[in-house]
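Undergrad: Quick one, start_8.cif (mmCIF, C-alpha atoms):
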```
data_coords
loop_
_atom_site.label_atom_id
_atom_site.label_comp_id
_atom_site.auth_asym_id
_atom_site.auth_seq_id
_atom_site.Cartn_x
_atom_site.Cartn_y
_atom_site.Cartn_z
CA MET A 1 104.79 66.49 106.96
CA SER A 2 105.09 63.97 104.13
CA VAL A 3 103.08 64.45 100.98
CA ARG A 4 101.00 61.53 99.80
CA THR A 5 102.01 60.67 96.29
CA ASP A 6 100.33 57.26 96.04
CA SER A 7 98.41 56.61 92.87
CA THR A 8 95.02 56.49 94.63
CA ALA A 9 95.08 60.24 95.31
CA PRO A 10 93.72 62.12 92.29
CA HIS A 11 96.07 64.56 90.57
CA ARG A 12 95.04 68.19 91.03
CA ALA A 13 95.88 71.26 88.99
CA GLY A 14 94.74 74.83 89.19
CA PHE A 15 95.43 78.50 89.79
CA ALA A 16 96.10 80.31 93.03
CA CYS A 17 96.78 83.97 93.56
CA PHE A 18 98.22 85.89 96.45
CA VAL A 19 96.61 89.18 97.35
CA GLY A 20 97.43 91.77 99.94
CA ARG A 21 98.34 95.38 100.18
CA PRO A 22 101.56 96.48 98.47
CA ASN A 23 104.70 95.03 100.07
CA ALA A 24 102.86 92.30 102.01
CA GLY A 25 105.34 89.67 100.77
CA LYS A 26 103.38 88.26 97.83
CA SER A 27 106.20 88.10 95.26
CA THR A 28 108.70 86.75 97.80
CA LEU A 29 106.26 83.96 98.62
CA THR A 30 105.74 83.14 94.93
CA ASN A 31 109.51 82.86 94.46
CA ALA A 32 109.93 80.69 97.57
CA LEU A 33 107.24 78.26 96.43
CA VAL A 34 108.50 78.00 92.86
CA GLY A 35 112.11 77.90 94.02
CA THR A 36 113.36 80.31 91.35
CA LYS A 37 113.19 84.01 90.88
CA VAL A 38 110.12 84.70 88.75
CA ALA A 39 108.18 87.59 90.24
CA ILE A 40 110.26 90.66 90.88
CA THR A 41 110.84 91.48 94.52
CA SER A 42 111.73 94.93 95.67
CA ASN A 43 111.43 96.63 99.00
CA ARG A 44 109.25 99.24 97.36
CA PRO A 45 105.49 98.82 97.20
CA GLN A 46 103.77 98.53 93.80
CA THR A 47 106.50 96.83 91.80
CA THR A 48 104.54 93.97 90.24
CA ARG A 49 102.65 95.13 87.16
CA HIS A 50 102.30 92.06 85.01
CA THR A 51 100.47 88.94 86.00
CA VAL A 52 103.54 86.76 86.48
CA ARG A 53 102.75 83.10 86.90
CA GLY A 54 105.03 80.84 88.88
CA ILE A 55 104.43 77.10 88.47
CA VAL A 56 104.93 74.60 91.30
CA HIS A 57 105.33 71.05 89.95
CA ARG A 58 104.61 68.22 92.40
CA PRO A 59 103.96 64.51 91.86
CA ASP A 60 100.39 64.93 93.12
CA ALA A 61 99.59 68.36 91.73
CA GLN A 62 100.48 71.39 89.70
CA LEU A 63 99.93 74.73 91.37
CA VAL A 64 100.01 77.75 89.07
CA LEU A 65 100.60 80.98 90.96
CA VAL A 66 99.22 84.15 89.51
CA ASP A 67 100.84 87.22 90.98
CA THR A 68 98.66 90.33 90.97
CA PRO A 69 99.68 93.92 91.67
CA GLY A 70 98.81 95.18 95.16
CA LEU A 71 95.25 96.45 95.37
CA HIS A 72 95.03 100.04 96.59
CA LYS A 73 92.85 103.11 96.34
CA PRO A 74 93.74 104.38 92.85
CA ARG A 75 95.09 107.88 92.28
CA THR A 76 95.96 107.61 88.59
CA LEU A 77 94.67 105.89 85.48
CA LEU A 78 97.43 103.30 85.89
CA GLY A 79 96.19 102.67 89.44
CA GLU A 80 92.65 102.06 88.19
CA ARG A 81 93.87 99.67 85.49
CA LEU A 82 95.91 97.74 88.03
CA ASN A 83 92.88 97.37 90.31
CA ASP A 84 90.79 96.06 87.38
CA VAL A 85 93.51 93.48 86.68
CA VAL A 86 93.34 92.37 90.31
CA ARG A 87 89.56 91.90 90.39
CA THR A 88 89.52 90.02 87.09
CA THR A 89 92.24 87.69 88.36
CA TRP A 90 90.40 86.99 91.63
CA SER A 91 87.27 85.86 89.83
CA GLU A 92 89.22 83.42 87.64
CA VAL A 93 91.43 81.54 90.12
CA ASP A 94 90.69 78.39 92.17
CA VAL A 95 92.03 79.67 95.49
CA ILE A 96 93.04 83.06 96.89
CA GLY A 97 95.79 83.52 99.47
CA PHE A 98 95.41 86.77 101.45
CA CYS A 99 98.85 87.89 102.67
CA LEU A 100 99.08 89.87 105.90
CA PRO A 101 102.50 90.72 107.37
CA ALA A 102 103.01 89.43 110.93
CA ASP A 103 104.85 92.58 111.99
CA GLN A 104 102.09 95.09 111.14
CA LYS A 105 98.67 95.48 112.73
CA ILE A 106 95.70 95.01 110.43
CA GLY A 107 95.12 98.42 108.88
CA PRO A 108 92.64 100.21 106.60
CA GLY A 109 94.41 98.86 103.49
CA ASP A 110 93.93 95.27 104.69
CA ARG A 111 90.28 95.92 105.54
CA TYR A 112 89.70 97.44 102.11
CA ILE A 113 91.04 94.28 100.43
CA ALA A 114 89.20 91.95 102.83
CA GLY A 115 85.97 93.82 102.03
CA GLU A 116 86.55 93.22 98.30
CA LEU A 117 87.35 89.54 99.01
CA ALA A 118 84.11 89.14 100.96
CA ASP A 119 82.23 89.95 97.72
CA ILE A 120 83.83 87.03 95.90
CA LYS A 121 81.75 84.23 97.32
CA LYS A 122 82.70 81.00 95.56
CA THR A 123 86.51 81.06 95.67
CA PRO A 124 88.12 79.48 98.77
CA LYS A 125 90.34 81.91 100.70
CA VAL A 126 93.42 81.15 102.78
CA ALA A 127 94.83 83.77 105.16
CA ILE A 128 98.64 83.71 105.03
CA VAL A 129 100.58 85.49 107.78
CA THR A 130 103.88 86.47 106.13
CA LYS A 131 107.22 87.66 107.56
CA THR A 132 106.81 85.60 110.77
CA ASP A 133 110.59 85.71 111.22
CA LEU A 134 110.17 89.35 112.31
CA VAL A 135 107.98 88.73 115.40
CA ASP A 136 107.90 86.65 118.60
CA SER A 137 105.30 83.95 119.28
CA LYS A 138 103.10 86.23 121.39
CA ALA A 139 102.79 88.86 118.64
CA LEU A 140 102.15 86.10 116.08
CA ALA A 141 99.34 84.61 118.19
CA ALA A 142 97.72 88.06 118.50
CA GLN A 143 97.87 88.50 114.71
CA LEU A 144 96.30 85.07 114.07
CA ILE A 145 93.41 85.95 116.41
CA ALA A 146 92.97 89.37 114.74
CA ILE A 147 92.75 87.71 111.29
CA ASP A 148 90.20 85.18 112.52
CA GLN A 149 88.18 88.11 113.93
CA LEU A 150 88.43 90.07 110.66
CA GLY A 151 86.97 87.08 108.78
CA LYS A 152 84.06 86.83 111.25
CA GLU A 153 83.30 90.57 110.97
CA LEU A 154 83.14 90.49 107.18
CA GLY A 155 81.58 87.06 106.73
CA ILE A 156 84.70 85.49 105.18
CA GLU A 157 85.24 81.86 106.06
CA TRP A 158 89.00 81.20 105.90
CA ALA A 159 89.74 77.73 104.51
CA GLU A 160 93.02 77.93 106.49
CA ILE A 161 95.02 80.50 108.46
CA ILE A 162 98.72 79.75 108.12
CA PRO A 163 101.89 81.55 109.31
CA VAL A 164 104.89 81.43 106.95
CA SER A 165 108.30 82.99 106.53
CA ALA A 166 109.49 82.80 102.93
CA VAL A 167 112.86 84.19 104.00
CA GLY A 168 113.45 81.48 106.60
CA ASP A 169 111.74 78.93 104.28
CA ASN A 170 109.52 78.24 107.27
CA GLN A 171 106.22 76.49 106.50
CA VAL A 172 106.52 77.21 102.75
CA SER A 173 106.09 73.57 101.71
CA LEU A 174 103.29 73.21 104.26
CA LEU A 175 101.54 76.12 102.55
CA ALA A 176 101.72 74.23 99.23
CA ASP A 177 100.30 71.14 101.01
CA LEU A 178 97.33 73.22 102.20
CA LEU A 179 96.68 74.95 98.85
CA VAL A 180 96.75 71.76 96.75
CA PRO A 181 93.56 70.12 98.18
CA LEU A 182 91.65 73.30 97.28
CA LEU A 183 92.47 72.86 93.58
CA PRO A 184 90.20 71.01 91.15
CA GLU A 185 91.13 67.48 90.05
CA GLY A 186 92.74 67.30 86.65
CA PRO A 187 95.93 66.77 84.61
CA ALA A 188 98.86 69.21 84.62
CA LEU A 189 98.19 72.49 82.79
CA TYR A 190 101.80 73.19 81.81
CA PRO A 191 104.69 70.95 80.69
CA GLU A 192 107.06 69.74 83.40
CA GLY A 193 110.03 72.11 83.63
CA ASP A 194 108.07 75.27 82.83
CA LEU A 195 108.39 77.77 85.66
CA THR A 196 106.39 80.61 84.20
CA ASP A 197 104.43 81.31 81.04
CA GLU A 198 105.39 84.98 80.91
CA PRO A 199 107.08 85.85 77.62
CA GLU A 200 110.83 86.10 78.16
CA GLN A 201 110.91 89.71 77.01
CA VAL A 202 108.48 90.74 79.75
CA MET A 203 110.51 88.94 82.41
CA VAL A 204 113.75 90.52 81.17
CA ALA A 205 112.09 93.96 81.32
CA GLU A 206 110.95 93.25 84.89
CA LEU A 207 114.47 92.24 85.97
CA ILE A 208 115.89 95.47 84.52
CA ARG A 209 113.14 97.45 86.22
CA GLU A 210 113.87 95.79 89.55
CA ALA A 211 117.56 96.69 89.31
CA ALA A 212 116.65 100.27 88.34
CA LEU A 213 114.37 100.60 91.38
CA GLU A 214 117.02 99.64 93.90
CA GLY A 215 118.48 102.55 95.76
CA VAL A 216 116.45 105.12 93.85
CA ARG A 217 114.90 107.91 95.86
CA ASP A 218 111.28 107.47 96.93
CA GLU A 219 109.73 109.66 94.26
CA LEU A 220 110.55 107.24 91.45
CA PRO A 221 108.93 103.85 92.11
CA HIS A 222 105.92 104.29 89.84
CA SER A 223 107.60 106.37 87.21
CA ILE A 224 109.89 103.68 85.83
CA ALA A 225 108.76 101.46 82.96
CA VAL A 226 111.06 99.25 80.92
CA VAL A 227 110.46 98.09 77.36
CA VAL A 228 112.73 95.51 75.73
CA GLU A 229 112.95 96.68 72.11
CA GLU A 230 114.72 93.59 70.80
CA MET A 231 116.44 90.38 71.82
CA LEU A 232 118.57 88.89 69.06
CA PRO A 233 121.31 86.23 69.01
CA ARG A 234 124.48 87.90 67.72
CA GLU A 235 125.47 86.67 64.29
CA ASP A 236 128.89 85.17 63.46
CA ARG A 237 129.22 83.56 66.91
CA PRO A 238 130.42 79.96 67.21
CA ALA A 239 127.67 77.62 68.45
CA ASP A 240 129.47 76.97 71.74
CA LYS A 241 129.86 80.72 72.45
CA PRO A 242 126.47 82.29 71.84
CA LEU A 243 125.75 85.90 72.79
CA LEU A 244 122.32 87.46 73.06
CA ASP A 245 122.02 91.18 72.30
CA ILE A 246 119.28 92.86 74.34
CA HIS A 247 118.31 96.47 73.65
CA ALA A 248 116.04 98.02 76.25
CA ASN A 249 114.67 101.45 77.11
CA VAL A 250 114.07 102.64 80.65
CA TYR A 251 111.24 105.18 80.57
CA ILE A 252 110.75 107.88 83.19
CA GLU A 253 108.15 110.65 83.36
CA ARG A 254 110.21 113.82 83.64
CA PRO A 255 113.57 115.00 82.32
CA SER A 256 114.61 115.85 85.91
CA GLN A 257 114.46 112.12 86.76
CA LYS A 258 116.98 111.23 84.08
CA GLY A 259 119.96 112.23 86.20
CA ILE A 260 118.73 110.12 89.12
CA ILE A 261 118.65 106.97 86.99
CA ILE A 262 121.87 107.64 85.09
CA GLY A 263 123.86 108.85 88.12
CA PRO A 264 127.12 110.81 88.14
CA LYS A 265 129.13 109.97 84.99
CA GLY A 266 126.63 107.21 84.18
CA LYS A 267 127.70 105.17 87.21
CA ARG A 268 124.18 104.29 88.37
CA LEU A 269 122.94 103.11 84.97
CA LYS A 270 126.06 101.00 84.61
CA GLU A 271 125.30 99.32 87.97
CA VAL A 272 121.72 98.70 86.86
CA GLY A 273 123.06 97.04 83.70
CA THR A 274 125.58 94.87 85.54
CA LYS A 275 123.10 93.76 88.17
CA SER A 276 120.21 92.96 85.83
CA ARG A 277 122.50 91.27 83.30
CA LYS A 278 123.51 88.66 85.93
CA HIS A 279 119.85 87.84 86.64
CA ILE A 280 118.94 87.80 82.93
CA GLU A 281 121.81 85.42 82.13
CA ALA A 282 120.68 83.13 84.95
CA LEU A 283 117.11 83.24 83.66
CA LEU A 284 117.93 82.62 79.99
CA GLY A 285 121.00 80.44 80.51
CA THR A 286 123.08 82.33 77.95
CA PRO A 287 125.64 85.20 77.97
CA VAL A 288 124.01 88.56 77.31
CA PHE A 289 125.13 91.93 75.98
CA LEU A 290 122.75 94.49 77.47
CA ASP A 291 122.30 97.89 75.88
CA LEU A 292 120.29 100.27 78.10
CA HIS A 293 118.96 103.73 77.27
CA VAL A 294 116.99 106.13 79.46
CA LYS A 295 114.12 107.98 77.78
CA VAL A 296 111.45 110.42 78.92
CA ALA A 297 107.79 109.51 78.30
CA LYS A 298 106.04 112.53 79.72
CA ASP A 299 103.46 111.72 82.45
CA TRP A 300 103.00 108.22 81.04
CA GLN A 301 100.97 107.01 84.01
CA ARG A 302 98.12 109.39 83.19
CA ASP A 303 98.18 109.01 79.41
CA PRO A 304 96.16 106.10 77.93
CA LYS A 305 98.15 106.14 74.68
CA GLN A 306 101.51 105.90 76.47
CA LEU A 307 100.16 103.22 78.85
CA ARG A 308 99.26 101.08 75.83
CA LYS A 309 102.65 101.63 74.26
CA LEU A 310 104.39 100.60 77.49
CA GLY A 311 102.32 97.44 77.71
CA PHE A 312 99.58 98.26 80.24
#
```
Now, as a test, write the supplied structure out as structure tokens.
TA:
Amino acid sequence: MSVRTDSTAPHRAGFACFVGRPNAGKSTLTNALVGTKVAITSNRPQTTRHTVRGIVHRPDAQLVLVDTPGLHKPRTLLGERLNDVVRTTWSEVDVIGFCLPADQKIGPGDRYIAGELADIKKTPKVAIVTKTDLVDSKALAAQLIAIDQLGKELGIEWAEIIPVSAVGDNQVSLLADLLVPLLPEGPALYPEGDLTDEPEQVMVAELIREAALEGVRDELPHSIAVVVEEMLPREDRPADKPLLDIHANVYIERPSQKGIIIGPKGKRLKEVGTKSRKHIEALLGTPVFLDLHVKVAKDWQRDPKQLRKLGF
């Protein structure tokens, strides 16, 4: 499908956000559309905490993607704060994309979110069936019918229902073509070349956190927070050989978790450093010296003071 870029079509610009239960493929989709790694992706639910915006620049439009945490029934203070962030975001964007994985039947979590979406009347909603590479055409057809049905039950009128696979890059550009007409007319909101407006420190912290989450046992996903204490260019370096010193703390909730993150003889923490450093260097375009420390912030998810300190 070719995109009309003739001068008669008005330029559009606006915000879209992807919603869905944890691990529905929202961050992967954001990355596929933007074409660079901006939102962190992890095979664990609940990894996105900050509203990361990815920006899709096109001749006819600028689509700013706001990535929200997965909405879920909260069990902790952090959970409640995350849900508030989600609802605020929904009321402020121009279009909402509801992500439902093709390989899982619509469940209570999806219904819970759809019920919340039904309350937001004005914003157009697009149902996006993700991970279509995991199912055959018969299963996909059944899922599309189920989503149509869900909309009818709850009084949601889907502007579009579209299957995509971000992994196979299937339909991703078509998705952008369908989201753009739902945006208001107007000039670009961000300069060409910007991919995200998240402060670099926050993105660096997220990349470290993503590396720390990989391969960690199931009890840790929520109990890792990363704070970048400082990012400074090293002095006395020649201009053609810059080095950026990054000092960051990885916070966990209990002393017993320290060993899990550090690993035998510090092996695990070293791997986390090596892995995240590669991504950070790619993001910032400069060589990096990464200094990581693991610290205990007792029960930080339930403590308002600690949550503030860790940036929530």
Undergrad: Please measure the separation of atom CA of Asp94 of chain A and atom CA of Ala114 of chain A, giving the value in Å to one decimal.
TA: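 Separating atom CA of Asp94 of chain A from atom CA of Ala114 of chain A is a distance of 17.3 Å.
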Undergrad: With a distance cut-off of 8 Å and all atoms listed in the file, select the neighbouring residues of segment 245-262 of chain A, excluding the residue or stretch itself and same-chain residues fewer than 2 positions from it, and output the selection as number ranges by chain.
TA: A: 205, 209, 212, 216, 220, 223-234, 243, 264-270, 288-300
Undergrad: From the list A:Gly151, A:Val93, A:Arg75, A:Leu178, which residue is nearest Lys122 of chain A when using all atoms listed in the file?
TA: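 Checking each candidate against Lys122 of chain A, we get A:Val93 as the closest.
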Undergrad: When the PyMOL selection byres ((chain A and resi 185) around 12) is applied to the file above, which residues end up in the set, as a ChimeraX atom specification?
TA: /A:9-15,60-63,94,180-184,186-189
Undergrad: For segment 135-147 of chain A, please output as JSON, numbers by chain all residues within 10 Å (counting only C-alpha atoms; exclusion window: fewer than 2 positions along the same chain).
TA: {"A": [100, 101, 102, 103, 104, 105, 106, 127, 128, 129, 131, 132, 133, 149, 150, 151, 152, 153, 158, 161, 162, 163]}
Undergrad: Suppose you want the space between atom CA of Ala176 of chain A and atom CA of Val85 of chain A; what is it in Å?
TA: 24.4 Å
Undergrad: For a test of reading the model, state the distance in Å between atom CA of Leu154 of chain A and atom CA of Pro124 of chain A, rounded to one decimal.
TA: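 Pair atom CA of Leu154 of chain A / atom CA of Pro124 of chain A returns 14.7 Å.
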Undergrad: Could you tell me which residues the PyMOL selection byres ((chain A and resi 115) around 12) grabs in this file, written as a list in words?
TA: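 Those residues are Gly20, Leu71, Phe98, Pro108, Gly109, Asp110, Arg111, Tyr112, Ile113, Ala114, Glu116, Leu117, Ala118, Asp119, Ile120, Lys121, Leu150, Gly151, Lys152, Glu153, Leu154, Gly155 and Ile156 of chain A.
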Undergrad: Could you model N, CA, C and O atoms for segment 73-90 of chain A and present them as a PDB file, in the frame of the given file?
TA:
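For reference, part-v3.pdb as written:
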```pdb
ATOM      1  N   LYS A  73      93.777 102.081  96.826  1.00  0.00           N
ATOM      2  CA  LYS A  73      92.850 103.110  96.340  1.00  0.00           C
ATOM      3  C   LYS A  73      93.550 103.883  95.229  1.00  0.00           C
ATOM      4  O   LYS A  73      94.589 104.489  95.440  1.00  0.00           O
ATOM      5  N   PRO A  74      93.003 103.838  93.998  1.00  0.00           N
ATOM      6  CA  PRO A  74      93.740 104.380  92.850  1.00  0.00           C
ATOM      7  C   PRO A  74      93.794 105.901  92.828  1.00  0.00           C
ATOM      8  O   PRO A  74      92.843 106.566  93.200  1.00  0.00           O
ATOM      9  N   ARG A  75      94.950 106.433  92.424  1.00  0.00           N
ATOM     10  CA  ARG A  75      95.090 107.880  92.280  1.00  0.00           C
ATOM     11  C   ARG A  75      95.303 108.261  90.824  1.00  0.00           C
ATOM     12  O   ARG A  75      95.146 109.400  90.447  1.00  0.00           O
ATOM     13  N   THR A  76      95.707 107.301  90.004  1.00  0.00           N
ATOM     14  CA  THR A  76      95.960 107.610  88.590  1.00  0.00           C
ATOM     15  C   THR A  76      95.253 106.574  87.726  1.00  0.00           C
ATOM     16  O   THR A  76      94.740 105.573  88.220  1.00  0.00           O
ATOM     17  N   LEU A  77      95.271 106.830  86.431  1.00  0.00           N
ATOM     18  CA  LEU A  77      94.670 105.890  85.480  1.00  0.00           C
ATOM     19  C   LEU A  77      95.372 104.533  85.581  1.00  0.00           C
ATOM     20  O   LEU A  77      94.733 103.483  85.544  1.00  0.00           O
ATOM     21  N   LEU A  78      96.690 104.560  85.744  1.00  0.00           N
ATOM     22  CA  LEU A  78      97.430 103.300  85.890  1.00  0.00           C
ATOM     23  C   LEU A  78      96.911 102.546  87.114  1.00  0.00           C
ATOM     24  O   LEU A  78      96.672 101.345  87.070  1.00  0.00           O
ATOM     25  N   GLY A  79      96.703 103.285  88.221  1.00  0.00           N
ATOM     26  CA  GLY A  79      96.190 102.670  89.440  1.00  0.00           C
ATOM     27  C   GLY A  79      94.851 101.989  89.219  1.00  0.00           C
ATOM     28  O   GLY A  79      94.613 100.875  89.677  1.00  0.00           O
ATOM     29  N   GLU A  80      93.973 102.647  88.461  1.00  0.00           N
ATOM     30  CA  GLU A  80      92.650 102.060  88.190  1.00  0.00           C
ATOM     31  C   GLU A  80      92.779 100.799  87.350  1.00  0.00           C
ATOM     32  O   GLU A  80      92.130  99.798  87.596  1.00  0.00           O
ATOM     33  N   ARG A  81      93.674 100.860  86.335  1.00  0.00           N
ATOM     34  CA  ARG A  81      93.870  99.670  85.490  1.00  0.00           C
ATOM     35  C   ARG A  81      94.401  98.507  86.307  1.00  0.00           C
ATOM     36  O   ARG A  81      94.016  97.375  86.109  1.00  0.00           O
ATOM     37  N   LEU A  82      95.335  98.807  87.217  1.00  0.00           N
ATOM     38  CA  LEU A  82      95.910  97.740  88.030  1.00  0.00           C
ATOM     39  C   LEU A  82      94.824  97.097  88.892  1.00  0.00           C
ATOM     40  O   LEU A  82      94.768  95.885  89.036  1.00  0.00           O
ATOM     41  N   ASN A  83      93.954  97.912  89.476  1.00  0.00           N
ATOM     42  CA  ASN A  83      92.880  97.370  90.310  1.00  0.00           C
ATOM     43  C   ASN A  83      91.929  96.489  89.503  1.00  0.00           C
ATOM     44  O   ASN A  83      91.449  95.467  89.982  1.00  0.00           O
ATOM     45  N   ASP A  84      91.649  96.881  88.239  1.00  0.00           N
ATOM     46  CA  ASP A  84      90.790  96.060  87.380  1.00  0.00           C
ATOM     47  C   ASP A  84      91.434  94.700  87.132  1.00  0.00           C
ATOM     48  O   ASP A  84      90.771  93.667  87.147  1.00  0.00           O
ATOM     49  N   VAL A  85      92.758  94.722  86.911  1.00  0.00           N
ATOM     50  CA  VAL A  85      93.510  93.480  86.680  1.00  0.00           C
ATOM     51  C   VAL A  85      93.339  92.557  87.881  1.00  0.00           C
ATOM     52  O   VAL A  85      93.111  91.362  87.767  1.00  0.00           O
ATOM     53  N   VAL A  86      93.437  93.151  89.078  1.00  0.00           N
ATOM     54  CA  VAL A  86      93.340  92.370  90.310  1.00  0.00           C
ATOM     55  C   VAL A  86      91.975  91.687  90.405  1.00  0.00           C
ATOM     56  O   VAL A  86      91.883  90.483  90.615  1.00  0.00           O
ATOM     57  N   ARG A  87      90.917  92.464  90.228  1.00  0.00           N
ATOM     58  CA  ARG A  87      89.560  91.900  90.390  1.00  0.00           C
ATOM     59  C   ARG A  87      89.270  90.811  89.368  1.00  0.00           C
ATOM     60  O   ARG A  87      88.650  89.801  89.685  1.00  0.00           O
ATOM     61  N   THR A  88      89.725  91.031  88.127  1.00  0.00           N
ATOM     62  CA  THR A  88      89.520  90.020  87.090  1.00  0.00           C
ATOM     63  C   THR A  88      90.216  88.726  87.494  1.00  0.00           C
ATOM     64  O   THR A  88      89.664  87.636  87.391  1.00  0.00           O
ATOM     65  N   THR A  89      91.456  88.864  87.974  1.00  0.00           N
ATOM     66  CA  THR A  89      92.240  87.690  88.360  1.00  0.00           C
ATOM     67  C   THR A  89      91.531  86.919  89.479  1.00  0.00           C
ATOM     68  O   THR A  89      91.420  85.705  89.442  1.00  0.00           O
ATOM     69  N   TRP A  90      91.044  87.646  90.490  1.00  0.00           N
ATOM     70  CA  TRP A  90      90.400  86.990  91.630  1.00  0.00           C
ATOM     71  C   TRP A  90      89.232  86.128  91.212  1.00  0.00           C
ATOM     72  O   TRP A  90      88.984  85.085  91.785  1.00  0.00           O
TER      73      TRP A  90
END
```
